[in-house]
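The data block below is final20.txt; it holds compact mmCIF, C-alpha atoms.
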```
# COMPACT_ATOMS: atom_id res chain seq x y z
CA MET A 256 6.54 -35.64 -12.28
CA PRO A 257 8.12 -33.59 -15.14
CA GLU A 258 10.50 -30.81 -14.10
CA LYS A 259 8.35 -28.15 -15.78
CA GLU A 260 5.28 -29.24 -13.81
CA ILE A 261 7.26 -29.21 -10.56
CA LEU A 262 8.40 -25.63 -11.24
CA GLU A 263 4.84 -24.54 -12.07
CA ASN A 264 3.49 -26.06 -8.84
CA HIS A 265 6.24 -24.40 -6.83
CA SER A 266 5.50 -21.04 -8.49
CA LEU A 267 1.77 -21.41 -7.77
CA ARG A 268 2.43 -22.29 -4.13
CA SER A 269 4.77 -19.28 -3.76
CA PHE A 270 2.09 -16.98 -5.18
CA LEU A 271 -0.56 -18.43 -2.85
CA ILE A 272 1.67 -17.91 0.19
CA ILE A 273 2.36 -14.29 -0.80
CA PHE A 274 -1.29 -13.65 -1.59
CA VAL A 275 -2.56 -15.14 1.68
CA LEU A 276 0.03 -13.21 3.68
CA LEU A 277 -0.66 -9.82 2.08
CA PHE A 278 -4.41 -10.16 1.55
CA ASN A 279 -5.05 -11.26 5.12
CA ALA A 280 -2.79 -8.54 6.54
CA PHE A 281 -4.29 -5.69 4.48
CA THR A 282 -7.91 -6.70 5.06
CA TRP A 283 -7.29 -7.31 8.77
CA TRP A 284 -5.72 -3.84 9.05
CA TYR A 285 -8.78 -2.37 7.35
CA MET A 286 -11.11 -4.19 9.77
CA THR A 287 -9.24 -3.17 12.92
CA ARG A 288 -8.93 0.42 11.75
CA LYS A 289 -12.69 0.50 11.15
CA MET A 290 -13.21 -0.76 14.71
CA LEU A 291 -10.95 1.99 16.03
CA GLU A 292 -12.94 4.62 14.11
CA ASP A 293 -16.14 3.35 15.72
CA ILE A 294 -14.58 3.32 19.20
CA ILE A 295 -13.19 6.86 18.87
CA ASN A 296 -16.36 8.26 17.33
CA ASN A 297 -18.49 6.78 20.13
CA LEU A 298 -16.37 8.56 22.75
CA ASN A 299 -17.64 11.96 21.55
CA ILE A 300 -14.38 13.66 22.43
CA GLY A 301 -12.81 16.86 21.16
CA HIS A 302 -10.55 17.24 18.16
CA MET A 303 -7.35 17.38 20.21
CA GLN A 304 -8.12 14.13 22.05
CA ASP A 305 -9.20 12.50 18.81
CA THR A 306 -5.89 13.44 17.19
CA THR A 307 -4.00 12.18 20.25
CA LEU A 308 -5.60 8.74 20.02
CA TRP A 309 -4.74 8.41 16.33
CA ALA A 310 -1.22 9.66 17.07
CA ILE A 311 -0.87 6.87 19.66
CA TYR A 312 -2.04 4.33 17.08
CA TYR A 313 0.32 5.44 14.32
CA THR A 314 3.26 6.03 16.67
CA ALA A 315 2.87 2.47 17.93
CA LEU A 316 2.59 1.21 14.34
CA ILE A 317 5.70 3.01 13.10
CA GLY A 318 7.74 2.42 16.27
CA THR A 319 7.06 -1.31 16.42
CA SER A 320 7.79 -1.68 12.70
CA ILE A 321 11.33 -0.45 13.44
CA VAL A 322 11.62 -2.88 16.34
CA GLY A 323 10.19 -5.69 14.23
CA SER A 324 12.76 -5.16 11.49
CA PHE A 325 15.46 -6.08 14.03
CA LEU A 326 13.58 -8.92 15.71
CA ALA A 327 12.85 -10.69 12.42
CA HIS A 328 16.58 -11.18 11.85
CA LYS A 329 17.02 -12.57 15.35
CA VAL A 330 14.32 -15.23 15.37
CA GLY A 331 13.91 -15.98 11.66
CA ARG A 332 11.35 -14.42 9.35
CA ILE A 333 8.86 -17.33 9.10
CA ARG A 334 8.72 -17.87 12.84
CA PHE A 335 8.42 -14.13 13.38
CA LEU A 336 5.55 -13.83 10.90
CA CYS A 337 3.68 -16.61 12.70
CA LEU A 338 4.21 -14.87 16.04
CA TRP A 339 3.05 -11.60 14.50
CA MET A 340 -0.21 -13.09 13.25
CA THR A 341 -0.75 -14.77 16.62
CA LEU A 342 -0.35 -11.38 18.28
CA GLY A 343 -2.96 -10.00 15.87
CA ILE A 344 -5.39 -12.73 16.91
CA ILE A 345 -4.95 -11.84 20.58
CA THR A 346 -5.25 -8.07 20.16
CA SER A 347 -8.30 -8.42 17.92
CA LEU A 348 -10.17 -9.83 20.92
CA LEU A 349 -9.48 -6.80 23.12
CA PRO A 350 -12.34 -4.50 22.02
CA MET A 351 -14.98 -7.06 23.03
CA PHE A 352 -13.88 -6.84 26.67
CA PHE A 353 -14.49 -3.09 26.88
CA ASN A 354 -18.19 -2.43 26.50
CA ASN A 355 -17.94 0.94 28.26
CA VAL A 356 -14.83 2.34 26.60
CA THR A 357 -13.09 5.25 28.30
CA ILE A 358 -10.35 7.35 26.76
CA ILE A 359 -7.74 5.39 28.77
CA TYR A 360 -8.98 2.06 27.44
CA ALA A 361 -9.21 3.54 23.95
CA SER A 362 -5.57 4.66 24.23
CA LEU A 363 -4.55 1.13 25.21
CA ILE A 364 -6.49 -0.43 22.34
CA CYS A 365 -5.01 2.10 19.86
CA PHE A 366 -1.51 1.29 21.03
CA LEU A 367 -1.93 -2.50 20.95
CA LEU A 368 -3.70 -2.64 17.59
CA GLY A 369 -1.14 -0.29 16.06
CA ALA A 370 1.70 -2.38 17.47
CA SER A 371 0.15 -5.67 16.37
CA PHE A 372 0.03 -4.45 12.77
CA GLY A 373 3.28 -2.53 12.60
CA LEU A 374 5.49 -5.14 14.26
CA GLY A 375 5.46 -7.63 11.40
CA MET A 376 4.43 -5.58 8.39
CA PRO A 377 8.01 -4.92 7.20
CA SER A 378 8.75 -8.67 7.31
CA CYS A 379 5.48 -9.37 5.49
CA LEU A 380 6.46 -7.02 2.65
CA ALA A 381 10.06 -8.22 2.67
CA TYR A 382 8.83 -11.81 2.28
CA PHE A 383 6.85 -10.65 -0.76
CA ALA A 384 9.95 -9.01 -2.27
CA ASP A 385 12.28 -11.94 -1.59
CA HIS A 386 9.92 -14.55 -3.03
CA THR A 387 8.95 -12.79 -6.27
CA LEU A 388 11.01 -12.37 -9.42
CA ILE A 389 11.78 -8.73 -10.08
CA GLU A 390 10.15 -8.88 -13.52
CA ASN A 391 6.89 -10.25 -12.02
CA ARG A 392 6.80 -8.23 -8.78
CA GLY A 393 4.42 -5.58 -10.08
CA ARG A 394 1.98 -8.14 -11.48
CA VAL A 395 1.80 -10.09 -8.21
CA GLY A 396 1.46 -6.93 -6.13
CA GLY A 397 -1.15 -5.42 -8.45
CA THR A 398 -3.25 -8.60 -8.40
CA THR A 399 -3.18 -8.65 -4.61
CA PHE A 400 -4.19 -4.99 -4.33
CA LEU A 401 -7.00 -5.41 -6.86
CA ILE A 402 -8.60 -8.29 -4.97
CA THR A 403 -8.05 -6.57 -1.62
CA ASN A 404 -9.66 -3.31 -2.74
CA LEU A 405 -12.59 -5.04 -4.42
CA SER A 406 -13.26 -7.02 -1.25
CA ALA A 407 -13.23 -3.88 0.92
CA PRO A 408 -16.98 -3.13 0.47
CA PHE A 409 -17.78 -6.66 1.65
CA PHE A 410 -15.78 -6.24 4.84
CA ALA A 411 -17.21 -2.74 5.35
CA GLY A 412 -20.74 -4.06 5.07
CA LEU A 413 -19.94 -6.95 7.38
CA LEU A 414 -18.65 -4.63 10.09
CA MET A 415 -21.41 -2.05 9.71
CA VAL A 416 -24.22 -4.49 10.54
CA SER A 417 -22.55 -5.80 13.70
CA ASP A 418 -21.71 -4.39 17.12
CA LEU A 419 -18.21 -4.01 18.55
CA THR A 420 -18.17 -7.47 20.14
CA ILE A 421 -19.16 -9.25 16.91
CA ASN A 422 -16.70 -7.14 14.91
CA SER A 423 -13.94 -8.12 17.33
CA ILE A 424 -14.78 -11.80 16.90
CA ILE A 425 -14.91 -11.48 13.10
CA SER A 426 -11.46 -9.83 12.93
CA THR A 427 -10.05 -12.45 15.31
CA VAL A 428 -11.38 -15.35 13.23
CA TRP A 429 -10.16 -13.72 10.01
CA ARG A 430 -6.65 -13.25 11.37
CA GLY A 431 -6.68 -16.82 12.67
CA LEU A 432 -7.67 -18.14 9.23
CA GLY A 433 -4.77 -16.21 7.73
CA LEU A 434 -2.33 -17.85 10.14
CA LEU A 435 -3.79 -21.31 9.51
CA MET A 436 -3.55 -20.97 5.73
CA PHE A 437 -0.06 -19.49 5.89
CA VAL A 438 1.27 -22.36 8.01
CA SER A 439 -0.51 -25.04 5.96
CA LEU A 440 1.15 -23.77 2.76
CA LYS A 441 4.59 -24.38 4.38
CA PRO A 442 6.45 -21.15 3.55
CA GLU A 443 10.21 -21.31 3.02
CA GLU A 444 12.84 -19.37 4.95
CA LYS A 445 14.91 -17.80 2.21
CA PHE A 446 17.21 -15.93 4.58
CA ASP A 447 17.82 -17.37 8.03
CA ALA A 448 18.39 -15.46 11.26
CA ARG A 449 22.15 -15.48 10.71
CA THR A 450 21.94 -13.55 7.46
CA LYS A 451 24.20 -10.57 7.83
CA ARG A 452 22.55 -7.27 7.09
CA ASN A 453 24.83 -4.94 5.16
CA LYS A 454 22.40 -2.03 5.37
CA ARG A 455 21.37 0.12 8.30
CA PHE A 456 18.73 2.83 8.48
CA VAL A 457 21.32 5.61 8.23
CA SER A 458 22.97 4.08 5.18
CA ILE A 459 19.59 3.69 3.49
CA LEU A 460 18.91 7.40 3.98
CA ARG A 461 22.27 8.11 2.36
CA ASN A 462 21.35 6.02 -0.67
CA LYS A 463 20.70 8.50 -3.49
CA SER A 464 18.55 6.06 -5.45
CA PHE A 465 16.31 5.61 -2.42
CA ILE A 466 16.07 9.36 -1.76
CA PHE A 467 15.19 10.14 -5.40
CA PHE A 468 12.11 7.92 -5.08
CA PHE A 469 11.33 8.61 -1.43
CA THR A 470 11.15 12.42 -1.80
CA PRO A 471 8.32 12.51 -4.39
CA TRP A 472 6.49 9.75 -2.51
CA LEU A 473 6.65 11.83 0.68
CA MET A 474 5.39 14.91 -1.19
CA PHE A 475 2.51 12.94 -2.71
CA CYS A 476 1.45 11.51 0.66
CA PHE A 477 1.37 14.96 2.25
CA LEU A 478 -0.54 16.56 -0.63
CA ASN A 479 -2.98 13.69 -0.97
CA ARG A 480 -3.80 13.66 2.75
CA LEU A 481 -4.07 17.45 3.15
CA GLU A 482 -6.24 17.90 0.06
CA GLU A 483 -8.84 15.45 1.40
CA PRO A 484 -10.41 17.78 4.02
CA ILE A 485 -10.37 20.63 1.49
CA LEU A 486 -12.28 18.52 -1.03
CA ARG A 487 -14.71 17.36 1.62
CA GLU A 488 -15.40 20.99 2.59
CA PHE A 489 -15.54 22.36 -0.97
CA LEU A 490 -17.82 19.75 -2.56
CA GLU A 491 -21.41 18.81 -1.82
CA PRO A 492 -21.56 15.70 0.43
CA ASP A 493 -23.43 13.55 -2.13
CA PHE A 494 -21.08 14.52 -4.96
CA TYR A 495 -18.04 13.95 -2.75
CA GLN A 496 -19.26 10.43 -1.93
CA LEU A 497 -19.91 9.76 -5.62
CA ILE A 498 -16.44 10.74 -6.81
CA THR A 499 -14.87 8.92 -3.85
CA MET A 500 -16.62 5.71 -4.90
CA ILE A 501 -15.64 6.17 -8.55
CA GLU A 502 -12.05 6.89 -7.56
CA ALA A 503 -11.88 3.78 -5.36
CA ILE A 504 -13.01 1.57 -8.26
CA VAL A 505 -10.54 3.18 -10.68
CA THR A 506 -7.73 2.86 -8.12
CA SER A 507 -8.44 -0.85 -7.65
CA PHE A 508 -8.17 -1.72 -11.33
CA PHE A 509 -5.22 0.57 -12.00
CA ALA A 510 -3.31 -1.06 -9.15
CA LEU A 511 -3.26 -4.15 -11.38
CA ILE A 512 -2.64 -2.18 -14.57
CA GLY A 513 0.11 -0.20 -12.84
CA GLY A 514 1.73 -3.42 -11.67
CA LEU A 515 1.67 -4.85 -15.20
CA LEU A 516 3.05 -1.62 -16.67
CA SER A 517 5.83 -1.41 -14.09
CA ASP A 518 6.92 -4.90 -15.13
CA TRP A 519 6.68 -4.01 -18.81
CA ILE A 520 8.09 -0.48 -19.23
CA GLY A 521 9.77 0.01 -15.85
CA ARG A 522 8.93 1.55 -12.49
CA LYS A 523 10.40 4.99 -13.17
CA ARG A 524 8.25 5.74 -16.22
CA VAL A 525 5.06 4.62 -14.49
CA VAL A 526 5.74 6.87 -11.52
CA ILE A 527 6.64 9.89 -13.68
CA TYR A 528 3.49 9.47 -15.80
CA GLY A 529 1.45 9.31 -12.59
CA PHE A 530 2.88 12.54 -11.17
CA VAL A 531 2.60 14.51 -14.42
CA SER A 532 -1.00 13.45 -15.07
CA LEU A 533 -2.00 14.16 -11.46
CA GLY A 534 -0.37 17.58 -11.64
CA LEU A 535 -2.42 18.37 -14.75
CA ALA A 536 -5.61 17.20 -13.01
CA TYR A 537 -5.02 19.49 -10.03
CA ALA A 538 -4.15 22.36 -12.34
CA LEU A 539 -7.45 21.88 -14.18
CA ILE A 540 -9.64 21.98 -11.06
CA GLY A 541 -7.59 24.93 -9.81
CA ILE A 542 -8.49 26.85 -12.99
CA ALA A 543 -12.02 25.53 -13.60
CA SER A 544 -13.31 24.33 -10.23
CA ASP A 545 -16.91 25.14 -11.26
CA SER A 546 -16.81 22.75 -14.21
CA LEU A 547 -18.30 19.30 -13.70
CA PHE A 548 -15.99 17.92 -16.42
CA SER A 549 -12.96 19.13 -14.44
CA TRP A 550 -14.04 17.14 -11.38
CA TYR A 551 -14.73 13.94 -13.27
CA PHE A 552 -11.40 14.29 -15.06
CA TYR A 553 -9.67 14.87 -11.72
CA THR A 554 -11.44 11.85 -10.18
CA LEU A 555 -10.34 9.60 -13.03
CA ILE A 556 -6.71 10.78 -12.99
CA ASP A 557 -6.48 10.74 -9.19
CA GLY A 558 -7.79 7.16 -9.19
CA ILE A 559 -5.32 6.12 -11.88
CA ALA A 560 -2.37 7.76 -10.10
CA GLY A 561 -3.48 6.29 -6.76
CA GLY A 562 -3.47 2.79 -8.24
CA LEU A 563 -0.08 3.29 -9.87
CA PHE A 564 1.51 4.67 -6.70
CA MET A 565 -0.14 2.14 -4.41
CA VAL A 566 1.48 -0.86 -6.03
CA THR A 567 4.71 0.84 -7.13
CA PHE A 568 5.64 2.64 -3.92
CA ILE A 569 4.10 0.47 -1.21
CA LEU A 570 5.11 -2.91 -2.64
CA VAL A 571 7.52 -2.81 -5.55
CA LEU A 572 10.18 -0.08 -5.39
CA TRP A 573 11.59 -0.69 -1.91
CA GLY A 574 11.87 -4.40 -2.66
CA ASP A 575 13.75 -3.57 -5.88
CA LEU A 576 16.22 -1.32 -4.05
CA ALA A 577 16.78 -3.66 -1.09
CA GLN A 578 19.69 -6.07 -1.08
CA PRO A 579 19.19 -9.70 0.04
CA GLY A 580 18.16 -9.85 3.70
CA THR A 581 17.60 -6.07 4.04
CA GLY A 582 14.00 -5.75 2.87
CA GLU A 583 12.60 -4.96 6.33
CA GLU A 584 14.67 -1.79 6.71
CA TYR A 585 13.75 -0.47 3.26
CA TYR A 586 10.04 -1.11 3.73
CA VAL A 587 10.03 0.50 7.20
CA ILE A 588 11.38 3.81 5.93
CA GLY A 589 9.75 3.65 2.51
CA ASN A 590 6.21 3.21 3.81
CA MET A 591 6.53 5.52 6.81
CA PRO A 592 5.05 8.55 4.93
CA PHE A 593 1.84 6.62 4.17
CA PHE A 594 1.06 6.25 7.89
CA PHE A 595 2.65 9.41 9.30
CA THR A 596 0.80 11.78 6.98
CA ASP A 597 -2.56 10.35 8.06
CA VAL A 598 -1.94 11.74 11.55
CA VAL A 599 -1.08 15.08 9.97
CA ARG A 600 -4.35 14.99 8.03
CA ILE A 601 -6.43 14.30 11.14
CA GLY A 602 -4.68 17.00 13.15
CA ALA A 603 -4.74 19.64 10.41
CA ALA A 604 -8.28 18.97 9.12
CA PRO A 605 -10.03 21.87 10.98
CA TYR A 606 -7.35 24.38 9.95
CA ILE A 607 -6.40 23.39 6.41
CA THR A 608 -9.89 24.28 5.15
CA PHE A 609 -9.15 28.00 5.74
CA ILE A 610 -6.91 27.90 2.67
CA PRO A 611 -8.87 29.01 -0.46
CA SER A 612 -9.63 25.95 -2.57
CA SER A 613 -8.28 27.44 -5.81
CA ALA A 614 -4.98 28.29 -4.12
CA ALA A 615 -4.79 24.83 -2.53
CA PHE A 616 -5.33 23.05 -5.85
CA SER A 617 -2.83 25.27 -7.67
CA LEU A 618 -0.21 24.70 -4.97
CA ALA A 619 -0.82 20.96 -5.14
CA SER A 620 -0.30 21.05 -8.91
CA PHE A 621 2.95 23.00 -8.50
CA PHE A 622 4.40 20.59 -5.92
CA LEU A 623 3.39 17.53 -7.94
CA PHE A 624 5.28 18.86 -10.97
CA LEU A 625 8.16 19.70 -8.63
CA ALA A 626 8.15 16.11 -7.41
CA VAL A 627 9.06 14.95 -10.90
CA LEU A 628 12.52 16.57 -10.67
CA PRO A 629 14.13 14.01 -8.32
CA LEU A 630 12.55 11.24 -10.40
CA MET A 631 14.51 12.44 -13.42
CA TYR A 632 17.71 11.49 -11.58
CA ALA A 633 16.34 8.24 -10.14
CA PRO A 634 17.59 5.00 -11.68
CA GLU A 635 15.30 2.43 -13.27
CA THR A 636 15.06 -0.39 -10.75
CA LEU A 637 13.78 -2.92 -13.29
CA PRO A 638 16.90 -4.14 -15.16
CA GLU A 639 17.00 -2.85 -18.74
CA ARG A 640 17.77 -6.35 -20.00
CA LYS A 641 14.41 -7.50 -18.62
CA ILE A 642 12.62 -4.72 -20.51
CA GLU A 643 14.51 -5.48 -23.71
CA LEU A 644 13.88 -9.20 -23.33
CA ARG A 645 10.14 -8.58 -23.13
CA ARG A 646 10.30 -6.36 -26.22
CA LEU A 647 12.25 -8.97 -28.16
CA ARG A 648 9.85 -11.70 -27.07
CA LYS A 649 6.88 -9.62 -28.22
CA TYR A 650 8.63 -8.86 -31.53
CA ALA A 651 9.38 -12.57 -32.06
CA GLU A 652 5.75 -13.51 -31.37
CA GLU A 653 4.48 -10.90 -33.85
CA ALA A 654 7.00 -12.04 -36.46
CA LYS A 655 5.89 -15.64 -35.95
CA LYS A 656 2.24 -14.67 -36.48
CA VAL A 657 3.11 -12.78 -39.68
CA LYS A 658 5.13 -15.73 -40.95
CA GLU A 659 2.33 -18.20 -40.22
CA LYS A 660 -0.16 -15.91 -41.93
CA TYR A 661 1.81 -15.63 -45.19
CA VAL A 662 3.05 -19.23 -45.17
CA GLY A 663 -0.56 -20.33 -44.78
CA LYS A 664 -1.56 -18.24 -47.81
CA ASP A 665 1.25 -19.69 -49.95
CA ALA A 666 0.23 -23.19 -49.02
```

Have the structure of the file written as structure tokens, please.
Amino acid sequence: MPEKEILENHSLRSFLIIFVLLFNAFTWWYMTRKMLEDIINNLNIGHMQDTTLWAIYYTALIGTSIVGSFLAHKVGRIRFLCLWMTLGIITSLLPMFFNNVTIIYASLICFLLGASFGLGMPSCLAYFADHTLIENRGRVGGTTFLITNLSAPFFAGLLMVSDLTINSIISTVWRGLGLLMFVSLKPEEKFDARTKRNKRFVSILRNKSFIFFFTPWLMFCFLNRLEEPILREFLEPDFYQLITMIEAIVTSFFALIGGLLSDWIGRKRVVIYGFVSLGLAYALIGIASDSLFSWYFYTLIDGIAGGLFMVTFILVLWGDLAQPGTGEEYYVIGNMPFFFTDVVRIGAAPYITFIPSSAAFSLASFFLFLAVLPLMYAPETLPERKIELRRLRKYAEEAKKVKEKYVGKDA
């Protein structure tokens, strides 16, 4: 077999492994979270107890992700990922055994499902980072997010027509299929358990490059979560559902476009463009909240920014900043705001709506523009030589086309 064909087959297999790992994990998380929503809603409990259950879920998720980042280095990443998916299969079965769910059982299920996702997610993302070329990382991540988001309505419909027992079985089978496909593709252990980690959590937090990206990401997560209940209260229910659906579609496609752009012009520019445009969108609805155009413009920009940030922050940036064998630690801290702020949203929902909508949108705009400041000092994580090489390659291709055009005429 020619060497070029061998390399292409290896590249295809690497992509399939990454895609199976991420796609199965993201969709399984969506399915189990939907089951938790149904369980908690059926309890008919007060807001405080509702918030407590979600706090248990996210505390378990974040806490076990820290533990998992250490365990992965002890037992080896591939073996640990297989154990993690096996744990997901087991915990997915739990809801079917509790037909009459009490708040104690719900607390146990929240803890176990949160732990079964959080434990291996840093290693899952670190595997993605370690097995993708830095100049293709955005494209691979964007493709995965696009397919995952587009498949979400299918999984939502599947779970809505079934009861808790059937949903539990579906999520169990789905997680089991993910494990079977992952093992059958024979993933490679790039860094073994003896790989020395030269980064700790404290040293990561002292890394200026990390902080310059982490700070605006944290601000965005807080603003995005806290604005949601305000929008839900301010807008008519039908119109809110409409713009939510439009935004989800735009976000899905711009996850791919954002990934391609981050590989082409760099991560820093993509993130800055996202924050500036989103700040303008919030400023517009703060000034003209009665205008239908303002809301459609906001929906479009919010969807675009959401897609850009989803692939850039959740998948790409922390992998760029991590050194070999340290991906777990970077992804644990880097993605913590995404989960932590959801608890804040749930807890603050009844109180945040007392803030006047115009003031809330204007404040959001101000803080989004403020978030750009640390990005001005952040380094570009995509090597400049990669950007220049792409530009030169494009220039050479255009020059070749021009030459062929005029040579053809002369002939």

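Of note, CA of Tyr585 (chain A) and CA of Trp573 (chain A) are spaced 5.6 Å apart.
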
I need the residue nearest Ser362 (chain A) from this list: A:Ile424, A:Ala280, A:Leu308, A:Ala603. Use only C-alpha atoms for the distance. A:Leu308

Taking all atoms listed in the file into account, name the residue in A:Asp293, A:Asp557, A:Glu584, A:Asp385 that is nearest to Val356 (chain A).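 Closest to Val356 (chain A), using all atoms listed in the file: A:Asp293.
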
With all atoms listed in the file as the atoms that count, which of A:Leu291, A:Ile333, A:Leu276, A:Val457 lies nearest to Glu443 (chain A)? A:Ile333

Residue neighbourhood Leu338 (chain A), 12 Å, only C-alpha atoms, exclusion window fewer than 3 positions, as JSON, numbers by chain: {"A": [323, 326, 327, 330, 331, 332, 333, 334, 335, 341, 342, 343, 344, 345, 371, 372, 374, 375, 378, 379, 430, 431, 434, 437, 438]}

Rounded to one decimal, what separation in Å do you get between CA of Thr346 (chain A) and CA of Pro592 (chain A)? 24.8 Å

Rank A:Ala310, A:Ile459, A:Ile358, A:Leu563 by their smallest atom-to-atom distance to Ala577 (chain A), using all atoms listed in the file, and report the top residue only.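 The shortest atom-to-atom distance to Ala577 (chain A) comes from A:Ile459.
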
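The gap separating CA of Gly513 (chain A) from CA of Leu271 (chain A) is 20.8 Å, in Å to one decimal.
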
Calculated over only C-alpha atoms, which of the candidates A:Ile498, A:Ala370, A:Leu405, A:Met290 has the smallest distance to Ser417 (chain A)? A:Met290
